[in-house]
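First the structure, in the form of structure tokens, and then the observations on it.
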Amino acid sequence: MPPRKPRSTRNGRVTMQDVATRAGVSAITVSRALRTPHKVAPLVRERIQQLCREMGYVLNHAASALASARSHAIVVLIPSLSNVVFIDIVAGIKEVIEARGYHMLLAVTGYGAEAEENMLRTYLQHAPDGAILTGIDHSDGTWKLLRTHRVPAVHTIDLLPAEHAGMSVGFSQFGAGHAAGRHLVERGYRRIGIACAHPDPRSIRRREGCRQALREAGLYDPALEVSSPEDTSVALGARLLTQLHEAHPDCDGVFLCNDDLAQGALFQCARLGLAVPQSMGLVGCHDLGGSAWTMPPLSTIATPRLHIGATAARMLMQHLADEPLPQRHVDLGFELKQRETT
């Protein structure tokens with residue numbers, strides 16, 4: 001028969017003191033092991049965590065927030081759970097904040113500024129210690145909520161102006177698109193198209209960067225642009241490539257604003273009998289997992305998504321600990337990966 005779990009005298013719940021007594025440490029040490037595990041010796045931390053599992057103890061965050069004036073909650077708002085770009089950023093955030101004893105309040109905004117504002121307003125009821133938001137193009141209401149509630153926030157995957165008092169981690173979206181367009185020009189393509197899905201502000205900046213590169217080369221033709229309000233996907237990339245090819249058979253190169261679009265376009269080129277890279281050059285963006293393994297491998301703009309999430313989380317943790325920040329705006333850059341589709 002399994003041993004009975006220790007019970008508190010009032011409500012039958014196992015308390016932090018119960019765990020501390022079994023572990024032979026103070027309640028403060030148990031608290032640190034659960035909230036800020038990096039501050040506790042590994043052997044002690046592991047024993048406390050094992051006892052918590054055995055005794056069924058769960059940290060009461062509400063009580064902790066009242067006692068410490070900290071909720072240890074971080075709001076994380078992303079546009080989509082189906083886009084790997086944002087999943088990678090969340091993974092980077094999670095790894096850092098959990099090691100510091102924080103937990104995540106995650107919400108999906110569906111690329112809508114109003115939805116983002118509403119989700120932030122809802123989560124502010126939980127008194128989060130900070131927030132990590134996607135992009136820099138928020139509604140006036142979102143900016144006002146952050147100011148009014150004095151919630152420190154880090155903005156990811158794009159960069160605020162250098163003089164902005166906030167914090168941001170990302171790369172130049174315009175620069176990424178410009179690099180893609182310039183690469184197609186340098187590889188000898190002359191009738192270069194641009195294909196975008198769901199025109200969120202970051203895709204729009206990448207598209208404008210590519211336009212600028214083509215203008216500089218005297219090759220920009222607005223007729224060679226296709227877009228869709230749908231979310232980015234492999235299937236959509238195939239449809240956009242078909243649409244562009246049927247309307248402009250002389251199109252010989254395309255920048256696709258996301259890799260899944262580019263992968264779909266590459267598959268469709270095979271169906272249409274378009275030789276890549278001889279008859280059609282393709283460049284994507286983000287260097288998603290399968291892009292190095294398509295046939296032929298996809299040229300793309302590699303972006304440091306996991307690093308963006310982790311860096312944003314570290315910045316926020318430093319801010320909450322009143323540690324100095326070497327930079328308030330961190331440009332992690334991007335890398336052109338020339339493979340066999342150009």
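Identifiers for the structure tokens are assigned positionally: chains receive A, B, ... in sequence, residues are indexed from 1 per chain, and ligands are indexed from 1 in the order shown.
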
Can you build me a table of region 274-338 of chain A residues sitting at most 8 Å from region 116-136 of chain A, with the closest atom pair per residue and its distance in Å to one decimal, using only C-alpha atoms, sorted by chain and residue number, as a Markdown table?
```
| residue | atom | partner | partner_atom | distance |
| --- | --- | --- | --- | --- |
| A:Ala312 | CA | A:Ile132 | CA | 7.3 |
| A:Ala313 | CA | A:Ile132 | CA | 7.6 |
| A:Leu316 | CA | A:Gly130 | CA | 7.2 |
| A:Leu320 | CA | A:Asp129 | CA | 7.7 |
```

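Using only C-alpha atoms, the protein and nucleic acid residues lying no more than 12 Å from Phe86 (chain A), apart from those fewer than 6 places from it along its own chain, are Val76, Leu77, Ile78, Pro79, Ser80, Gly92, Ile93, Leu106, Ala107, Val108, Thr109, Gly110, Tyr111, Ile132, Leu133, Thr134, Gly135, Thr156, Ile157, His286, Leu288, Thr303, Pro304, Arg305, Leu306, His307, Ile308 and Gly309 of chain A.
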
I want to know what sits within 12 Å of region 19-23 of chain A, based on only C-alpha atoms, with residues of the same chain fewer than 2 positions away left out; could you give that as number ranges by chain? A: 5-8, 13-17, 25-34, 43-59

Please, could you write that set of residues out with N, CA and C atoms as a short mmCIF file (atom, residue, chain, number, x, y, z; two decimals), in the first residue's frame?
```cif
data_model
loop_
_atom_site.label_atom_id
_atom_site.label_comp_id
_atom_site.auth_asym_id
_atom_site.auth_seq_id
_atom_site.Cartn_x
_atom_site.Cartn_y
_atom_site.Cartn_z
N LYS A 5 0.10 10.66 1.53
CA LYS A 5 0.74 11.95 1.29
C LYS A 5 0.58 12.83 2.53
N PRO A 6 1.61 13.61 2.89
CA PRO A 6 1.46 14.54 3.98
C PRO A 6 0.37 15.55 3.66
N ARG A 7 -0.34 15.97 4.68
CA ARG A 7 -1.43 16.92 4.47
C ARG A 7 -1.29 18.08 5.45
N SER A 8 -1.67 19.28 4.97
CA SER A 8 -1.68 20.42 5.88
C SER A 8 -2.86 20.29 6.82
N ARG A 13 -4.11 20.18 1.67
CA ARG A 13 -3.12 20.33 0.60
C ARG A 13 -1.72 20.27 1.17
N VAL A 14 -0.84 19.68 0.37
CA VAL A 14 0.57 19.65 0.74
C VAL A 14 1.12 21.07 0.61
N THR A 15 1.87 21.51 1.60
CA THR A 15 2.41 22.87 1.59
C THR A 15 3.89 22.88 1.26
N MET A 16 4.38 24.07 1.00
CA MET A 16 5.81 24.24 0.76
C MET A 16 6.62 23.82 1.98
N GLN A 17 6.09 24.10 3.17
CA GLN A 17 6.78 23.73 4.40
C GLN A 17 6.86 22.21 4.54
N VAL A 25 15.45 21.19 4.33
CA VAL A 25 15.91 22.53 3.96
C VAL A 25 14.85 23.53 4.40
N SER A 26 15.11 24.80 4.18
CA SER A 26 14.14 25.83 4.52
C SER A 26 13.10 25.97 3.42
N ALA A 27 11.96 26.56 3.78
CA ALA A 27 10.92 26.83 2.79
C ALA A 27 11.42 27.78 1.71
N ILE A 28 12.31 28.69 2.10
CA ILE A 28 12.87 29.63 1.12
C ILE A 28 13.67 28.88 0.06
N THR A 29 14.40 27.84 0.48
CA THR A 29 15.18 27.05 -0.49
C THR A 29 14.25 26.31 -1.45
N VAL A 30 13.14 25.78 -0.93
CA VAL A 30 12.16 25.13 -1.80
C VAL A 30 11.61 26.13 -2.80
N SER A 31 11.28 27.33 -2.31
CA SER A 31 10.75 28.38 -3.19
C SER A 31 11.74 28.70 -4.30
N ARG A 32 13.01 28.85 -3.94
CA ARG A 32 14.02 29.17 -4.95
C ARG A 32 14.18 28.02 -5.95
N ALA A 33 14.13 26.80 -5.47
CA ALA A 33 14.30 25.64 -6.36
C ALA A 33 13.20 25.58 -7.41
N LEU A 34 12.02 26.08 -7.06
CA LEU A 34 10.89 26.03 -7.98
C LEU A 34 10.77 27.28 -8.84
N LEU A 43 22.13 19.16 -6.86
CA LEU A 43 21.67 18.00 -6.09
C LEU A 43 20.49 18.37 -5.19
N VAL A 44 20.55 19.54 -4.57
CA VAL A 44 19.45 19.99 -3.71
C VAL A 44 18.20 20.24 -4.55
N ARG A 45 18.40 20.89 -5.69
CA ARG A 45 17.26 21.19 -6.57
C ARG A 45 16.58 19.91 -7.04
N GLU A 46 17.37 18.93 -7.45
CA GLU A 46 16.79 17.68 -7.94
C GLU A 46 16.02 16.95 -6.84
N ARG A 47 16.56 16.98 -5.60
CA ARG A 47 15.85 16.32 -4.48
C ARG A 47 14.52 17.02 -4.22
N ILE A 48 14.52 18.32 -4.21
CA ILE A 48 13.28 19.06 -3.96
C ILE A 48 12.26 18.79 -5.06
N GLN A 49 12.69 18.81 -6.31
CA GLN A 49 11.77 18.56 -7.41
C GLN A 49 11.21 17.14 -7.36
N GLN A 50 12.05 16.17 -6.98
CA GLN A 50 11.59 14.80 -6.85
C GLN A 50 10.55 14.68 -5.73
N LEU A 51 10.80 15.34 -4.60
CA LEU A 51 9.83 15.31 -3.49
C LEU A 51 8.52 15.97 -3.89
N CYS A 52 8.59 17.04 -4.65
CA CYS A 52 7.36 17.70 -5.12
C CYS A 52 6.52 16.74 -5.95
N ARG A 53 7.19 15.96 -6.80
CA ARG A 53 6.46 14.99 -7.60
C ARG A 53 5.86 13.89 -6.73
N GLU A 54 6.65 13.40 -5.77
CA GLU A 54 6.18 12.31 -4.92
C GLU A 54 5.03 12.77 -4.03
N MET A 55 5.11 13.98 -3.51
CA MET A 55 4.12 14.48 -2.55
C MET A 55 2.95 15.18 -3.22
N GLY A 56 3.05 15.41 -4.54
CA GLY A 56 1.96 16.07 -5.26
C GLY A 56 1.90 17.55 -4.99
N TYR A 57 3.03 18.15 -4.65
CA TYR A 57 3.02 19.58 -4.35
C TYR A 57 3.08 20.39 -5.65
N VAL A 58 2.23 21.42 -5.74
CA VAL A 58 2.22 22.34 -6.87
C VAL A 58 2.34 23.75 -6.32
N LEU A 59 3.27 24.50 -6.88
CA LEU A 59 3.48 25.88 -6.43
C LEU A 59 2.24 26.72 -6.66
#
```

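When the distance limit is 8 Å and only C-alpha atoms are what count, the residues near Cys196 (chain A), minus those fewer than 5 positions from it on the same chain, are Ser203, Arg207, Val226, Ser227, Ser228, Thr232, Leu256, Cys257, Asn258 and Leu261 of chain A.
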
Report as a VMD selection string all protein, DNA and RNA residues lying within 12 Å of Arg328 (chain A), evaluated on only C-alpha atoms, omitting residues in the same chain fewer than 6 positions from it. chain A and resid 152 to 156 159 to 170 311 to 312 314 to 316 318 to 319

Keeping N, CA and C atoms, export the residues of the selection given above as a compact mmCIF listing (two decimals), in the first residue's frame.
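Below is the file that was written, part.txt:
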```
# COMPACT_ATOMS: atom_id res chain seq x y z
N PRO A 152 7.03 45.91 -18.96
CA PRO A 152 8.19 45.89 -19.87
C PRO A 152 7.95 44.87 -20.98
N ALA A 153 8.25 45.27 -22.21
CA ALA A 153 7.97 44.41 -23.36
C ALA A 153 9.16 44.39 -24.30
N VAL A 154 9.40 43.21 -24.87
CA VAL A 154 10.40 43.06 -25.92
C VAL A 154 9.65 42.72 -27.21
N HIS A 155 10.01 43.38 -28.28
CA HIS A 155 9.37 43.18 -29.57
C HIS A 155 10.31 42.36 -30.45
N THR A 156 9.78 41.31 -31.07
CA THR A 156 10.65 40.35 -31.76
C THR A 156 10.46 40.34 -33.26
N LEU A 159 12.75 45.29 -35.85
CA LEU A 159 13.53 46.20 -35.01
C LEU A 159 12.85 47.55 -34.89
N LEU A 160 12.73 48.02 -33.65
CA LEU A 160 12.26 49.38 -33.41
C LEU A 160 13.35 50.37 -33.80
N PRO A 161 12.99 51.63 -34.06
CA PRO A 161 14.02 52.64 -34.34
C PRO A 161 15.02 52.74 -33.19
N ALA A 162 16.26 53.06 -33.51
CA ALA A 162 17.33 53.08 -32.51
C ALA A 162 17.01 54.02 -31.35
N GLU A 163 16.27 55.09 -31.63
CA GLU A 163 15.97 56.07 -30.57
C GLU A 163 14.77 55.67 -29.71
N HIS A 164 14.09 54.58 -30.07
CA HIS A 164 12.90 54.16 -29.31
C HIS A 164 13.30 53.67 -27.92
N ALA A 165 12.49 54.01 -26.92
CA ALA A 165 12.82 53.64 -25.54
C ALA A 165 12.54 52.18 -25.23
N GLY A 166 11.85 51.47 -26.12
CA GLY A 166 11.51 50.07 -25.87
C GLY A 166 12.68 49.13 -26.14
N MET A 167 12.37 47.83 -26.20
CA MET A 167 13.37 46.80 -26.46
C MET A 167 12.92 45.97 -27.66
N SER A 168 13.86 45.61 -28.51
CA SER A 168 13.50 44.80 -29.67
C SER A 168 14.68 43.91 -30.08
N VAL A 169 14.34 42.76 -30.67
CA VAL A 169 15.33 41.79 -31.16
C VAL A 169 14.84 41.25 -32.50
N GLY A 170 15.68 41.31 -33.51
CA GLY A 170 15.26 40.78 -34.79
C GLY A 170 16.27 41.04 -35.87
N THR A 311 17.15 35.43 -27.10
CA THR A 311 17.72 36.75 -26.81
C THR A 311 16.66 37.68 -26.24
N ALA A 312 15.46 37.65 -26.80
CA ALA A 312 14.38 38.48 -26.28
C ALA A 312 14.07 38.12 -24.83
N ARG A 314 16.09 36.66 -22.64
CA ARG A 314 17.21 37.07 -21.78
C ARG A 314 17.18 38.58 -21.51
N MET A 315 16.86 39.36 -22.52
CA MET A 315 16.75 40.81 -22.33
C MET A 315 15.69 41.13 -21.30
N LEU A 316 14.55 40.47 -21.40
CA LEU A 316 13.47 40.73 -20.46
C LEU A 316 13.86 40.29 -19.05
N GLN A 318 16.86 40.19 -17.83
CA GLN A 318 17.82 41.18 -17.33
C GLN A 318 17.12 42.45 -16.87
N HIS A 319 16.15 42.87 -17.64
CA HIS A 319 15.39 44.07 -17.27
C HIS A 319 14.67 43.87 -15.94
```

Selection near Arg211 (chain A), 12 Å with only C-alpha atoms, sequence-local residues under 2 positions removed, as number ranges by chain: A: 174-182, 184-185, 192-195, 204-209, 213-225, 254-255

Strand (DSSP E) residues, from DSSP on the backbone, in region 104-143 of chain A, as a PyMOL selection string: chain A and resi 104-108+130-134
